[in-house]
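Novice: Just one file: final_14.txt, with compact mmCIF, N, CA and C atoms.
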# COMPACT_ATOMS: atom_id res chain seq x y z
N MET A 1 -22.85 318.88 127.66
CA MET A 1 -21.52 319.41 127.40
C MET A 1 -21.41 319.66 125.89
N SER A 2 -20.89 320.81 125.52
CA SER A 2 -20.79 321.11 124.09
C SER A 2 -19.76 320.21 123.42
N LYS A 3 -19.95 320.04 122.14
CA LYS A 3 -19.07 319.18 121.34
C LYS A 3 -17.61 319.67 121.39
N ALA A 4 -17.41 321.00 121.32
CA ALA A 4 -16.05 321.55 121.34
C ALA A 4 -15.34 321.25 122.66
N ILE A 5 -16.06 321.36 123.77
CA ILE A 5 -15.46 321.08 125.07
C ILE A 5 -15.12 319.60 125.17
N LEU A 6 -16.04 318.75 124.69
CA LEU A 6 -15.80 317.31 124.72
C LEU A 6 -14.57 316.94 123.89
N VAL A 7 -14.46 317.51 122.70
CA VAL A 7 -13.30 317.23 121.85
C VAL A 7 -12.02 317.71 122.52
N ALA A 8 -12.07 318.89 123.15
CA ALA A 8 -10.89 319.42 123.84
C ALA A 8 -10.47 318.52 125.00
N LEU A 9 -11.44 318.02 125.76
CA LEU A 9 -11.13 317.11 126.87
C LEU A 9 -10.52 315.82 126.36
N ILE A 10 -11.06 315.28 125.29
CA ILE A 10 -10.50 314.05 124.70
C ILE A 10 -9.09 314.32 124.21
N ALA A 11 -8.88 315.45 123.56
CA ALA A 11 -7.55 315.80 123.05
C ALA A 11 -6.54 315.91 124.18
N MET A 12 -6.93 316.53 125.29
CA MET A 12 -6.01 316.66 126.43
C MET A 12 -5.70 315.29 127.02
N THR A 13 -6.71 314.43 127.10
CA THR A 13 -6.49 313.08 127.62
C THR A 13 -5.54 312.31 126.72
N LEU A 14 -5.78 312.37 125.42
CA LEU A 14 -4.90 311.68 124.48
C LEU A 14 -3.50 312.27 124.50
N GLY A 15 -3.41 313.59 124.58
CA GLY A 15 -2.12 314.25 124.61
C GLY A 15 -1.28 313.82 125.80
N ALA A 16 -1.92 313.55 126.91
CA ALA A 16 -1.21 313.12 128.11
C ALA A 16 -0.70 311.69 127.98
N THR A 17 -1.34 310.90 127.13
CA THR A 17 -0.94 309.51 126.99
C THR A 17 -0.04 309.25 125.80
N LEU A 18 0.06 310.23 124.89
CA LEU A 18 0.88 310.05 123.70
C LEU A 18 2.34 310.36 123.99
N ASP A 19 3.21 309.67 123.30
CA ASP A 19 4.64 309.91 123.41
C ASP A 19 4.93 311.30 122.86
N PRO A 20 5.67 312.15 123.56
CA PRO A 20 5.93 313.50 123.08
C PRO A 20 6.90 313.58 121.91
N LYS A 21 7.45 312.47 121.49
CA LYS A 21 8.36 312.47 120.34
C LYS A 21 7.56 312.65 119.06
N PRO A 22 8.22 313.08 117.96
CA PRO A 22 7.51 313.21 116.69
C PRO A 22 6.88 311.88 116.29
N ALA A 23 5.76 311.98 115.56
CA ALA A 23 5.06 310.77 115.10
C ALA A 23 5.98 309.94 114.22
N MET A 24 5.85 308.64 114.33
CA MET A 24 6.65 307.73 113.52
C MET A 24 5.99 307.54 112.17
N ALA A 25 6.71 306.99 111.22
CA ALA A 25 6.23 306.84 109.85
C ALA A 25 4.92 306.08 109.77
N ALA A 26 4.69 305.13 110.67
CA ALA A 26 3.47 304.33 110.61
C ALA A 26 2.22 305.19 110.82
N SER A 27 2.33 306.33 111.50
CA SER A 27 1.15 307.14 111.76
C SER A 27 0.97 308.26 110.75
N LEU A 28 1.84 308.35 109.76
CA LEU A 28 1.72 309.39 108.74
C LEU A 28 0.83 308.92 107.61
N GLY A 29 0.40 309.85 106.79
CA GLY A 29 -0.43 309.49 105.65
C GLY A 29 -1.62 310.41 105.53
N ALA A 30 -2.70 309.89 104.93
CA ALA A 30 -3.90 310.68 104.67
C ALA A 30 -4.80 310.71 105.90
N TYR A 31 -5.22 311.92 106.26
CA TYR A 31 -6.13 312.14 107.38
C TYR A 31 -7.19 313.13 106.90
N GLU A 32 -8.33 313.13 107.59
CA GLU A 32 -9.35 314.12 107.28
C GLU A 32 -9.67 314.92 108.53
N VAL A 33 -10.07 316.16 108.30
CA VAL A 33 -10.49 317.03 109.39
C VAL A 33 -11.85 316.55 109.89
N PHE A 34 -12.01 316.42 111.20
CA PHE A 34 -13.30 316.04 111.77
C PHE A 34 -13.44 316.64 113.17
N GLY A 35 -14.67 316.74 113.63
CA GLY A 35 -14.94 317.21 114.99
C GLY A 35 -14.99 318.71 115.16
N VAL A 36 -14.88 319.45 114.05
CA VAL A 36 -14.97 320.91 114.12
C VAL A 36 -16.45 321.28 114.12
N GLU A 37 -16.83 322.24 114.93
CA GLU A 37 -18.23 322.69 114.96
C GLU A 37 -18.66 323.09 113.54
N ASN A 38 -19.94 322.89 113.24
CA ASN A 38 -20.46 323.15 111.89
C ASN A 38 -20.26 324.59 111.44
N ASP A 39 -20.27 325.54 112.35
CA ASP A 39 -20.11 326.94 111.99
C ASP A 39 -18.67 327.43 112.17
N ASP A 40 -17.72 326.50 112.24
CA ASP A 40 -16.32 326.86 112.47
C ASP A 40 -15.43 326.08 111.51
N MET A 41 -14.14 326.37 111.53
CA MET A 41 -13.16 325.66 110.72
C MET A 41 -11.90 325.42 111.54
N LEU A 42 -11.18 324.36 111.22
CA LEU A 42 -9.89 324.09 111.84
C LEU A 42 -8.88 325.06 111.23
N LYS A 43 -8.13 325.72 112.07
CA LYS A 43 -7.17 326.71 111.57
C LYS A 43 -5.83 326.06 111.26
N MET A 44 -5.40 326.19 110.00
CA MET A 44 -4.05 325.78 109.61
C MET A 44 -3.16 326.98 109.91
N ARG A 45 -2.11 326.75 110.70
CA ARG A 45 -1.24 327.84 111.15
C ARG A 45 0.17 327.72 110.57
N ALA A 46 0.90 328.82 110.62
CA ALA A 46 2.26 328.87 110.09
C ALA A 46 3.25 328.09 110.95
N GLY A 47 2.90 327.78 112.18
CA GLY A 47 3.78 327.05 113.08
C GLY A 47 2.95 326.27 114.10
N PRO A 48 3.63 325.48 114.94
CA PRO A 48 2.94 324.60 115.89
C PRO A 48 2.49 325.30 117.17
N GLY A 49 1.47 326.13 117.08
CA GLY A 49 0.95 326.80 118.25
C GLY A 49 -0.05 327.88 117.86
N THR A 50 -0.89 328.28 118.82
CA THR A 50 -1.91 329.28 118.53
C THR A 50 -1.35 330.68 118.33
N GLY A 51 -0.10 330.90 118.67
CA GLY A 51 0.52 332.20 118.47
C GLY A 51 0.97 332.46 117.03
N TYR A 52 0.89 331.44 116.20
CA TYR A 52 1.31 331.58 114.80
C TYR A 52 0.15 332.07 113.94
N LYS A 53 0.50 332.72 112.84
CA LYS A 53 -0.47 333.27 111.90
C LYS A 53 -1.35 332.16 111.31
N VAL A 54 -2.65 332.45 111.16
CA VAL A 54 -3.58 331.52 110.52
C VAL A 54 -3.39 331.64 109.01
N ILE A 55 -3.15 330.50 108.36
CA ILE A 55 -2.96 330.45 106.92
C ILE A 55 -4.28 330.22 106.21
N LEU A 56 -5.09 329.31 106.79
CA LEU A 56 -6.29 328.86 106.10
C LEU A 56 -7.25 328.22 107.09
N GLY A 57 -8.54 328.31 106.84
CA GLY A 57 -9.55 327.60 107.62
C GLY A 57 -9.96 326.35 106.88
N LEU A 58 -10.03 325.22 107.59
CA LEU A 58 -10.34 323.92 106.97
C LEU A 58 -11.64 323.35 107.54
N PRO A 59 -12.65 323.13 106.71
CA PRO A 59 -13.89 322.54 107.21
C PRO A 59 -13.76 321.03 107.41
N ASN A 60 -14.69 320.44 108.14
CA ASN A 60 -14.73 318.98 108.29
C ASN A 60 -14.71 318.33 106.91
N GLY A 61 -14.01 317.21 106.81
CA GLY A 61 -13.94 316.47 105.55
C GLY A 61 -12.76 316.83 104.68
N THR A 62 -12.04 317.91 105.01
CA THR A 62 -10.86 318.29 104.23
C THR A 62 -9.80 317.21 104.38
N VAL A 63 -9.24 316.75 103.25
CA VAL A 63 -8.23 315.69 103.29
C VAL A 63 -6.84 316.32 103.33
N LEU A 64 -6.04 315.85 104.29
CA LEU A 64 -4.69 316.37 104.51
C LEU A 64 -3.70 315.22 104.50
N ARG A 65 -2.47 315.53 104.18
CA ARG A 65 -1.37 314.58 104.35
C ARG A 65 -0.57 315.03 105.56
N VAL A 66 -0.41 314.14 106.53
CA VAL A 66 0.35 314.46 107.74
C VAL A 66 1.81 314.07 107.50
N HIS A 67 2.71 315.03 107.68
CA HIS A 67 4.14 314.81 107.46
C HIS A 67 4.88 314.48 108.75
N SER A 68 4.52 315.15 109.84
CA SER A 68 5.15 314.89 111.15
C SER A 68 4.28 315.54 112.22
N CYS A 69 4.50 315.13 113.46
CA CYS A 69 3.77 315.71 114.60
C CYS A 69 4.73 315.95 115.75
N GLN A 70 4.39 316.92 116.58
CA GLN A 70 5.20 317.22 117.76
C GLN A 70 4.30 317.74 118.87
N GLN A 71 4.70 317.48 120.09
CA GLN A 71 3.96 317.97 121.25
C GLN A 71 4.47 319.37 121.57
N THR A 72 3.55 320.32 121.66
CA THR A 72 3.88 321.68 122.06
C THR A 72 2.93 322.04 123.20
N GLY A 73 3.45 322.08 124.41
CA GLY A 73 2.58 322.29 125.57
C GLY A 73 1.65 321.11 125.72
N SER A 74 0.37 321.37 125.84
CA SER A 74 -0.60 320.28 126.00
C SER A 74 -1.23 319.86 124.68
N THR A 75 -0.77 320.44 123.57
CA THR A 75 -1.35 320.13 122.26
C THR A 75 -0.35 319.44 121.36
N ARG A 76 -0.82 318.44 120.65
CA ARG A 76 0.00 317.76 119.64
C ARG A 76 -0.30 318.43 118.31
N TRP A 77 0.72 319.04 117.69
CA TRP A 77 0.58 319.75 116.42
C TRP A 77 1.20 318.92 115.31
N CYS A 78 0.54 318.91 114.16
CA CYS A 78 1.04 318.15 113.01
C CYS A 78 1.31 319.08 111.85
N ARG A 79 2.43 318.82 111.19
CA ARG A 79 2.78 319.54 109.96
C ARG A 79 2.05 318.81 108.84
N VAL A 80 1.22 319.54 108.10
CA VAL A 80 0.37 318.93 107.08
C VAL A 80 0.43 319.70 105.77
N SER A 81 -0.07 319.05 104.72
CA SER A 81 -0.29 319.71 103.44
C SER A 81 -1.66 319.29 102.94
N LEU A 82 -2.27 320.14 102.12
CA LEU A 82 -3.56 319.80 101.53
C LEU A 82 -3.36 318.74 100.46
N LYS A 83 -4.26 317.78 100.39
CA LYS A 83 -4.16 316.72 99.39
C LYS A 83 -4.17 317.31 97.99
N GLY A 84 -5.04 318.26 97.73
CA GLY A 84 -5.17 318.84 96.39
C GLY A 84 -4.20 319.97 96.09
N ALA A 85 -3.45 320.42 97.08
CA ALA A 85 -2.49 321.52 96.89
C ALA A 85 -1.30 321.26 97.81
N ARG A 86 -0.48 320.32 97.44
CA ARG A 86 0.62 319.87 98.32
C ARG A 86 1.62 320.97 98.67
N GLY A 87 1.66 322.03 97.88
CA GLY A 87 2.56 323.13 98.18
C GLY A 87 2.07 323.98 99.34
N LEU A 88 0.80 323.86 99.70
CA LEU A 88 0.23 324.61 100.81
C LEU A 88 0.40 323.79 102.08
N LYS A 89 1.33 324.22 102.94
CA LYS A 89 1.67 323.48 104.15
C LYS A 89 1.49 324.35 105.38
N GLY A 90 1.21 323.70 106.48
CA GLY A 90 1.05 324.41 107.75
C GLY A 90 0.92 323.41 108.88
N HIS A 91 0.46 323.88 110.02
CA HIS A 91 0.31 323.05 111.22
C HIS A 91 -1.14 323.10 111.70
N VAL A 92 -1.65 321.94 112.14
CA VAL A 92 -2.99 321.85 112.70
C VAL A 92 -2.93 321.00 113.97
N SER A 93 -3.95 321.12 114.80
CA SER A 93 -4.04 320.31 116.00
C SER A 93 -4.42 318.87 115.65
N TRP A 94 -3.68 317.93 116.22
CA TRP A 94 -3.91 316.49 116.02
C TRP A 94 -5.32 316.09 116.46
N ALA A 95 -5.89 316.80 117.43
CA ALA A 95 -7.19 316.45 118.00
C ALA A 95 -8.31 316.47 116.97
N TYR A 96 -8.11 317.17 115.86
CA TYR A 96 -9.16 317.29 114.84
C TYR A 96 -8.84 316.50 113.58
N LEU A 97 -7.97 315.51 113.70
CA LEU A 97 -7.62 314.68 112.54
C LEU A 97 -8.07 313.24 112.75
N ARG A 98 -8.53 312.61 111.67
CA ARG A 98 -8.95 311.22 111.72
C ARG A 98 -8.32 310.50 110.53
N LYS A 99 -7.66 309.35 110.82
CA LYS A 99 -7.00 308.55 109.78
C LYS A 99 -8.02 308.09 108.76
N MET A 100 -7.65 308.16 107.50
CA MET A 100 -8.54 307.70 106.42
C MET A 100 -8.22 306.27 106.06
Just dump the structure as structure tokens.
Specialist:
Amino acid sequence: MSKAILVALIAMTLGATLDPKPAMAASLGAYEVFGVENDDMLKMRAGPGTGYKVILGLPNGTVLRVHSCQQTGSTRWCRVSLKGARGLKGHVSWAYLRKM
């Protein structure tokens, strides 16, 4: 099974078990992008869903600050900013974030 499919299945499983309310303060803070295929990047979007414009591609290891999260359909989307450029904000899928 490819890594992307495995990550997607894990994300769907976690999404089904997570509370659909926004993330609480205890889960906010510094996270890094992980689990993205080596030849791909996590897309930071203008809003919480794939229908929103892509702002930036983020490779594995990119450090982000998570401000809040919300469930949209089967995906948990988080509002984030780049650690080194806090003015650059967008939304990414929770499935590709790992707490630092």
Novice: Do you have the atom CA of Cys69 of chain A-atom CA of Asp39 of chain A distance handy?
Specialist: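 Interatomic distance here is 26.5 Å.
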Novice: Leu64 of chain A: which residues within 5 Å, counting only N, CA and C atoms, same-chain residues fewer than 4 positions away excluded, as a ChimeraX atom specification?
Specialist: /A:30-32,81-83
Novice: What separation in Å, quoted to one decimal, exists between atom CA of Met44 of chain A and atom CA of Leu56 of chain A?
Specialist: 5.2 Å
Novice: Quick one: pull the distance between atom C of Lys89 of chain A and atom C of Val54 of chain A, Å, one decimal.
Specialist: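 Those two atoms sit 9.5 Å apart.
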Novice: Ranking A:Gly29, A:Gly61, A:Gly35, A:Gly90 by minimum distance to Cys78 of chain A and counting only C-alpha atoms, which one comes first?
Specialist: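 When distances to Cys78 of chain A are compared using only C-alpha atoms, the smallest one comes from A:Gly90.
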Novice: Using only C-alpha atoms, which protein or nucleic acid residues come within 10 Å of Gly49 of chain A? Drop anything in the same chain fewer than 4 positions from it, and give the result as an MDAnalysis selection string.
Specialist: chainID A and resid 45 53 71:73 75:77 91:93
